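Undergrad: Here's a structure for you.
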Amino acid sequence: MTDLRHIRNFAIIAHIDHGKSTLADRLIQACGGLAEREMREQVLDNMEIERERGITIKAQTVRLTYRAKNGETYELNLMDTPGHVDFTYEVSRSLAACEGSLLVVDASQGVEAQTLANVYQAIEANHEIVPVLNKIDLPAAEPERVKEQIEEVIGLDASHAVMISAKTGLGIDAVLEALVERLPPPQGDREAPLKALLVDSWYDQYLGVVILVRVKDGVLRPGMKVRLMATGAVHPVERTGVFTPKGVPIDELGPGEVGFITAGIKTVADCRVGDTITEDRRPAAAPLPGFKPVQSVVFCGLFPTDAADYERLRDSLAKLRLNDASFEYEPETSAALGFGFRCGFLGLLHLEIIQERLEREFDLDLITTAPSVVYKIHLTNGEVMALHNPADMPDPVRIDHIEEPWIKATILVPDAYLGPVLTLCQERRGIQKDLTYAGSRAMVVYRLPLNEVVFDFYDRLKSLSRGYASFDYQMDGYAEGDLVLMNILVNSEPVDALAVIVHRSAAEKRGRALCERLKELIPRQLFAIAIQAAIGGRIIARETVKPFRKDVLAKCYGGDVTRKRKLLEKQKEGRKRMRQFGKVEIPQSAFLAALKMGDS
Amino acid sequence: MVPLGAFAGLCHDGGGPPPCPLPARERDIAGRGERHHSDGQGEATPLAVYIHWPFCASKCPYCDFNSHVRASVDQGAWRRALLAELDHYAEETAGRTVSSVFFGGGTPSLMAAATAAAVLERVAQHWRLAGDLEVTLEANPGSVEAARFADFRAVGVTRVSLGVQALDPEALAFLGRRHSLDEALAALALARQHFPRFSFDLIYARPGQSVAAWRRELDRALALAGDHLSLYQLTIEPGTAFATAYARGDFAMPEDDLSGELFELTQERLAAAGLPAYEISNHARPGAESRHNLVYWRYGDYLGIGPGAHGRLTAGARKIATRQLRAPETWLAAVEAEGHGTAERIAIAPAERLREMLMMGLRLAEGVPRARFRRECGADPEALLDAGSLARLVEGGFLRLDAEGLGATAAGRQRLNAVLAALL
């Protein structure tokens, strides 16, 4: 174990594309963590999705051994944190495992909304923050302007910012020196009862569940019986080790150190992020502060496009959950879409990631119903129910009022696009809280209902700012809203998968758009098809699919029978995917397409 | 790939005064709109004989039938082969009465009249002939073929069906037809002169064809018609020259609403002129229907002779589907070696039999009588079909179900694909 004075634990805060992973790679290289031939771009982002999207989903650590200019050798623990708002809680636990952060900002792009949220979290975690300006070798770099921005927007002293180019390796030594000199060493008591923070966990097919820990007090050793304080479960420690970034076993993990343990745990669902690990025989008096159970914020239905894939979807969800306990799921049956699952996620990105992993890693073709937030339904009898599926909406006469979740959204946008962004926020029932300028960029803070954001807000924001706006949010409590259940009716029968809870003011527009879309998607049939949007018994929008005027083969003689019959049989095969609505059959594909279009 | 139509290519179907009175059964039905005829339990089903002549002078761009262009054809070899296949099928159909012979193609009017004569002689040797035997020849309305009408009539052809296809020179060119409008008019005159019955085909709902233009063309057609007309909406079939051109965007097909309007106009005009539709695309004065084609639609028995021809034969409780080898030379070689060119011979499963019977029978205005349900499927329609679907289709005005049987209404026939899809 290393003397506390020679340990530095740090995180890197950066916006996507501002160079976090490249900087991490350079630091590992400079400290000889990996031989040249083992280096691969962005060593830390393990998952295909992480590398492709340039985001980190799982926290990871690397122990670096650095011989400083003062002649002493330091153990630097780099904590790579998840980089998105959906993982705010996970980020907070990763930050709680460190004493300081590198704030990496692209010297030409400047500060982005996501950076802001994370840097505020780091400030809250009492981090010492070292600003680092990256990509200063680019012609468009404006380090002085960006330094000013850091001071104005964040309120950090940027005069000692380290100037680097992670790509070329310029300034990497200065970063390492700054870590040693400017970050405080961790504190901890080796003799006290064990207290280690559970930072993250994942499933390894050879080792079982691997837990990432930061020891605060005491010592972790193989053979020790440890207790997870939130669940009370006791497990014998099998291995202790560190990542360099390869996993290397070590004899023990002492105070201030970051590393991993394995303890014969079968599923990550038993390892809650933020939990405290203590010794079973000599437990700590109280757990570390800040533990929160996982809470899903966004829900949606996931259905296989091919009903035959239901079992495979179920198995795949179970396998994914082995490695990601942050989403939940339960079986759901839809008249329009068949058998599937209702799933809860930490946020919209999390939803997308899980959906993408299911499709890619498990080769499933999925359809997602419109995302729903969690409403608090206050019933007339005084009870309060949490509702995340429009299908479970109680009878309106039993409802006293409904509360919906709100968020505080921070949007950074170039001046030129501010107008449309403000209009969008207003349309979405937003309440402006703040509007400030940093150079030619505006920073707007809005309070917005989350249900307005889960419905194509990102995409609209992106398109009307030509991709220049950056967006971040945090949950900001519940408030009463005039919310209604809007049903889509096909020949007077509701299509469960298309039901949504909307604000009364937005219902008509949404309803009309959905009806128009369905009209285009539903093929003509023998009977006219009425498509309606309704709130309770009141129709707010209506479209009609006209019936076939003519649909018959011109010729069918003795030699055509076999072939035409086979055509008919093929058609019949296709109709297995049809859903009966009154007199008409609607292809499931029409509902799928309506839902898909809802994404854009 | 495309199984060759027993009724093929170019052509059509013709009418004219029948040489002899129709049997009572036939007279009952025909053309009277929505009435059923009753073919009683003991109906002695006649046998229809289809002869396929697979050669054409050129291939039309819309045609997906089994037709081929060859520099020369060995008429003697082909005659022997057709006769050999007739011999091959004679034994299992012994004792039956042949009610019709149909020479289809291809262009059977390119066949030597002597070949038609030999085929008809052989048919007479093997089977009893109905007193009112109908012998139809499909023919192109070119001057060469028309010159031989007298010969075909002399060997026993009673009816010609001419592939006129359009009464508009530009449309004839678009459809790739070799004949001119004047030739077609001359051929029609000769057909009227030589044959007791004649019919001709037109293709409508062509790209760019307006309702007014089709009305004019129809009026002219009615002035030229005998007692039978076949009016087909243009269909883009996969694998044809038109399919390629259409995919390339060379022309646009009429939208559903327009083709529906053209179809309805056709029904009204023809009914008013005394030639109502007895089948989706076939119109006749009552009694002048194509008896051969009625056998198909009534799901009767027919022999398919020649390359790619299909047959349906009842054998005890089973219905056998036959298919001959498709490629002309392959078929010829097989017949020369083994006496027949049968590629496939399978018993039709009960569910398929029901589907075929309905697919065909609901095309007819007369519908499908209960007796046929019992004969082919062993039960009444209510026992064979989904009650909910039946009720919806009856209630929607697309089907009628009564003591006579099951039939498609005019609205139902106009949308028969969707009706069948909903019913089966």
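Simple scheme: letters A, B, ... for chains in structure tokens order, numbers from 1 for residues in each chain, numbers from 1 for ligands in the order shown.
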Near stretch 251-268 of chain B, counting only C-alpha atoms, which residues have an atom at most 7 Å away, once you skip same-chain residues fewer than 4 positions from it, shown as a list in words?

TA: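 Using only C-alpha atoms, the neighbours found are Arg549 and Lys550 of chain A; Ala205, Arg206, Pro207, Val211, Tyr246, Ala272, Pro276 and Ala277 of chain B.
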
Undergrad: Can you tell me, as a list in words, which residues in stretch 170-271 of chain B count as strand (DSSP E) by DSSP?

TA: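 Output for stretch 170-271 of chain B, strand (DSSP E) only: Arg197, Phe198, Ser199, Phe200, Asp201, Leu202, Ile203, Tyr204, His228, Leu229, Ser230, Leu231, Tyr232 and Gln233 of chain B.
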
Undergrad: Let me make sure I understand: among A:Ile531, A:Val397, A:Leu526, A:Leu595, which one has the smallest atom-to-atom distance to chain B if we use only C-alpha atoms?

TA: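 The shortest atom-to-atom distance to chain B comes from A:Leu526.
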
Undergrad: What are the closest atom pairs, with distances in Å to one decimal, for all residues of chain A lying within 10 Å of chain B? Consider only C-alpha atoms, order rows by chain and residue number, and present the result as CSV.

TA:
```
residue,atom,partner,partner_atom,distance
A:Arg524,CA,B:Ala418,CA,9.6
A:Gln525,CA,B:Ala418,CA,6.8
A:Leu526,CA,B:Ala418,CA,6.4
A:Phe527,CA,B:Gly396,CA,7.7
A:Pro547,CA,B:Arg415,CA,9.8
A:Phe548,CA,B:Arg415,CA,7.0
A:Arg549,CA,B:Gly260,CA,5.2
A:Lys550,CA,B:Gly260,CA,4.9
A:Asp551,CA,B:Arg415,CA,4.2
A:Val552,CA,B:Asn417,CA,5.1
A:Leu553,CA,B:Asn417,CA,7.2
A:Ala554,CA,B:Tyr232,CA,5.4
A:Lys555,CA,B:Tyr232,CA,7.1
A:Cys556,CA,B:Met360,CA,7.4
A:Tyr557,CA,B:Phe7,CA,5.8
A:Gly558,CA,B:Ala6,CA,5.0
A:Gly559,CA,B:Gly5,CA,3.5
A:Asp560,CA,B:Gly5,CA,5.4
A:Val561,CA,B:Glu356,CA,6.5
A:Thr562,CA,B:Glu356,CA,7.8
A:Arg563,CA,B:Pro3,CA,7.0
A:Lys564,CA,B:Met359,CA,8.4
A:Arg565,CA,B:Glu356,CA,6.3
A:Lys566,CA,B:Glu352,CA,9.1
A:Leu568,CA,B:Ala421,CA,6.8
A:Glu569,CA,B:Leu424,CA,8.7
A:Gln571,CA,B:Ala421,CA,7.2
A:Lys572,CA,B:Ala421,CA,6.7
A:Arg575,CA,B:Ala421,CA,8.7
A:Gly582,CA,B:Arg392,CA,9.5
A:Lys583,CA,B:Arg392,CA,6.6
A:Val584,CA,B:Ala422,CA,9.0
A:Glu585,CA,B:Ala422,CA,8.8
```

Undergrad: Counting only C-alpha atoms, what is within 10 Å of stretch 483-486 of chain A, bar same-chain residues fewer than 5 positions away, as a count of residues only?

TA: 31

Undergrad: Could you pull the residues within 12 Å of A:Phe10, counting only C-alpha atoms, minus those fewer than 2 positions along the same chain, as a short mmCIF file (atom, residue, chain, number, x, y, z; two decimals) with C-alpha atoms, in the first residue's frame?

TA:
```
data_model
loop_
_atom_site.label_atom_id
_atom_site.label_comp_id
_atom_site.auth_asym_id
_atom_site.auth_seq_id
_atom_site.Cartn_x
_atom_site.Cartn_y
_atom_site.Cartn_z
CA ILE A 7 -1.67 9.30 -3.62
CA ARG A 8 -3.70 11.59 -5.85
CA ILE A 12 -11.65 14.30 -15.74
CA ILE A 13 -14.58 16.55 -16.59
CA ALA A 24 -6.57 9.73 -20.51
CA GLN A 60 -13.43 2.94 -14.73
CA THR A 61 -10.14 3.61 -13.05
CA VAL A 62 -6.49 3.46 -13.91
CA ARG A 63 -3.65 3.52 -11.43
CA LEU A 64 -0.69 5.44 -12.82
CA GLU A 75 0.27 6.80 -7.27
CA LEU A 76 -2.24 8.67 -9.45
CA ASN A 77 -5.72 7.16 -9.67
CA LEU A 78 -7.62 8.35 -12.70
CA MET A 79 -11.35 7.93 -12.30
CA ASP A 80 -13.11 7.95 -15.63
CA THR A 81 -16.68 8.99 -14.88
CA SER A 94 -17.29 8.68 -8.84
CA LEU A 95 -16.47 12.26 -7.84
CA ALA A 96 -16.88 11.32 -4.18
CA ALA A 97 -14.03 8.86 -4.70
CA CYS A 98 -11.63 11.65 -5.72
CA GLU A 99 -10.17 14.81 -4.25
CA GLY A 100 -9.80 16.79 -7.44
CA SER A 101 -10.68 17.10 -11.11
CA LEU A 102 -9.18 18.13 -14.39
CA LEU A 103 -11.61 20.40 -16.20
CA ALA A 122 -17.22 18.56 -8.66
CA ALA A 125 -17.80 17.45 -3.92
CA HIS A 127 -12.80 19.13 -5.51
CA GLU A 128 -9.69 21.05 -6.30
CA ILE A 129 -10.20 21.83 -9.98
CA VAL A 130 -7.41 22.22 -12.51
CA VAL A 175 -0.80 18.08 -16.38
CA LEU A 176 0.90 15.34 -14.32
CA ALA A 178 -0.26 19.95 -11.69
CA LEU A 179 -1.98 16.87 -10.31
CA VAL A 180 0.85 16.25 -7.85
CA ARG A 182 -2.28 21.21 -6.83
CA LEU A 183 -4.46 18.30 -5.72
CA PRO A 184 -4.67 17.45 -2.02
CA PRO A 185 -3.74 13.94 -0.94
CA PRO A 186 -6.57 11.78 0.39
CA ARG A 214 -12.46 3.65 -3.06
CA GLY A 256 -7.07 6.62 -0.14
CA GLU A 257 -6.64 3.85 -2.67
CA VAL A 258 -8.85 3.01 -5.60
#
```

Undergrad: Give me every helix (DSSP H, G or I) residue in stretch 366-583 of chain A, going by DSSP on the backbone, as an MDAnalysis selection string.

TA: chainID A and resid 390:392 396:398 415:427 450:453 457:464 496:498 504:521 561:577

Undergrad: List the spatial neighbours of stretch 311-323 of chain A as a list in words - criterion: any atom at most 7 Å away, only C-alpha atoms, same-chain residues fewer than 3 positions off excluded.

TA: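 Close residues of stretch 311-323 of chain A: Trp202, Tyr203, Thr267, Val268, Ala269, Leu358 and Phe362 of chain A.
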
Undergrad: What lies within 12 Å of B:Gly95 using only C-alpha atoms, ignoring chain neighbours under 2 positions off, as an mmCIF file with N, CA, C and O atoms, in the first residue's frame?

TA:
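Everything below was put into part36.cif:
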```cif
data_model
loop_
_atom_site.group_PDB
_atom_site.id
_atom_site.type_symbol
_atom_site.label_atom_id
_atom_site.label_comp_id
_atom_site.auth_asym_id
_atom_site.auth_seq_id
_atom_site.Cartn_x
_atom_site.Cartn_y
_atom_site.Cartn_z
ATOM 1 N N ALA B 44 -72.704 -34.498 -63.406
ATOM 2 C CA ALA B 44 -71.683 -35.237 -64.130
ATOM 3 C C ALA B 44 -70.754 -34.195 -64.701
ATOM 4 O O ALA B 44 -71.081 -33.537 -65.690
ATOM 5 N N THR B 45 -69.604 -33.989 -64.037
ATOM 6 C CA THR B 45 -68.783 -32.858 -64.459
ATOM 7 C C THR B 45 -68.113 -33.161 -65.782
ATOM 8 O O THR B 45 -67.469 -34.183 -65.956
ATOM 9 N N PRO B 46 -68.292 -32.239 -66.717
ATOM 10 C CA PRO B 46 -67.652 -32.433 -68.010
ATOM 11 C C PRO B 46 -66.154 -32.144 -67.906
ATOM 12 O O PRO B 46 -65.685 -31.631 -66.891
ATOM 13 N N LEU B 47 -65.442 -32.477 -68.935
ATOM 14 C CA LEU B 47 -63.996 -32.273 -68.961
ATOM 15 C C LEU B 47 -63.683 -31.221 -70.026
ATOM 16 O O LEU B 47 -64.211 -31.282 -71.137
ATOM 17 N N ALA B 90 -55.554 -39.982 -71.470
ATOM 18 C CA ALA B 90 -56.838 -40.570 -71.860
ATOM 19 C C ALA B 90 -57.318 -41.621 -70.865
ATOM 20 O O ALA B 90 -58.497 -41.660 -70.504
ATOM 21 N N GLU B 91 -56.384 -42.444 -70.391
ATOM 22 C CA GLU B 91 -56.791 -43.585 -69.580
ATOM 23 C C GLU B 91 -57.483 -43.157 -68.281
ATOM 24 O O GLU B 91 -58.565 -43.637 -67.951
ATOM 25 N N GLU B 92 -56.852 -42.198 -67.559
ATOM 26 C CA GLU B 92 -57.431 -41.830 -66.261
ATOM 27 C C GLU B 92 -58.706 -40.995 -66.380
ATOM 28 O O GLU B 92 -59.396 -40.767 -65.397
ATOM 29 N N THR B 93 -58.982 -40.539 -67.610
ATOM 30 C CA THR B 93 -60.196 -39.731 -67.779
ATOM 31 C C THR B 93 -61.199 -40.440 -68.700
ATOM 32 O O THR B 93 -62.142 -39.823 -69.206
ATOM 33 N N THR B 97 -67.029 -36.834 -70.644
ATOM 34 C CA THR B 97 -67.501 -36.111 -71.817
ATOM 35 C C THR B 97 -66.726 -34.802 -71.924
ATOM 36 O O THR B 97 -66.657 -34.048 -70.952
ATOM 37 N N VAL B 98 -66.170 -34.557 -73.086
ATOM 38 C CA VAL B 98 -65.444 -33.299 -73.286
ATOM 39 C C VAL B 98 -66.442 -32.241 -73.750
ATOM 40 O O VAL B 98 -67.167 -32.452 -74.720
ATOM 41 N N ALA B 124 -61.760 -36.644 -80.077
ATOM 42 C CA ALA B 124 -62.984 -37.371 -80.396
ATOM 43 C C ALA B 124 -62.794 -38.876 -80.242
ATOM 44 O O ALA B 124 -63.728 -39.601 -79.903
ATOM 45 N N GLN B 125 -61.554 -39.351 -80.484
ATOM 46 C CA GLN B 125 -61.285 -40.790 -80.316
ATOM 47 C C GLN B 125 -61.322 -41.203 -78.857
ATOM 48 O O GLN B 125 -61.792 -42.279 -78.497
ATOM 49 N N HIS B 126 -60.770 -40.353 -77.990
ATOM 50 C CA HIS B 126 -60.606 -40.726 -76.586
ATOM 51 C C HIS B 126 -61.850 -40.491 -75.744
ATOM 52 O O HIS B 126 -62.060 -41.181 -74.760
ATOM 53 N N TRP B 127 -62.636 -39.450 -76.051
ATOM 54 C CA TRP B 127 -63.731 -39.067 -75.169
ATOM 55 C C TRP B 127 -65.023 -38.878 -75.941
ATOM 56 O O TRP B 127 -65.000 -38.629 -77.155
ATOM 57 N N ARG B 128 -66.111 -38.959 -75.200
ATOM 58 C CA ARG B 128 -67.381 -38.590 -75.778
ATOM 59 C C ARG B 128 -67.405 -37.069 -75.929
ATOM 60 O O ARG B 128 -66.838 -36.364 -75.085
ATOM 61 N N LEU B 129 -68.007 -36.554 -76.959
ATOM 62 C CA LEU B 129 -68.061 -35.092 -77.134
ATOM 63 C C LEU B 129 -69.454 -34.587 -76.792
ATOM 64 O O LEU B 129 -70.455 -35.211 -77.152
#
```

Undergrad: Which residues are near B:Asp74? Cut-off 12 Å, only C-alpha atoms, ignore same chain within fewer than 2 positions. Put them as a ChimeraX atom specification.

TA: /B:55,70-72,76-81,111-112,115,328-329,332

Undergrad: Restricting the calculation to only C-alpha atoms, which member of B:Glu382, B:Glu183, B:Glu138, B:Asp227 is positioned closest to B:Pro286?

TA: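 Among the listed residues, B:Asp227 lies closest to B:Pro286.
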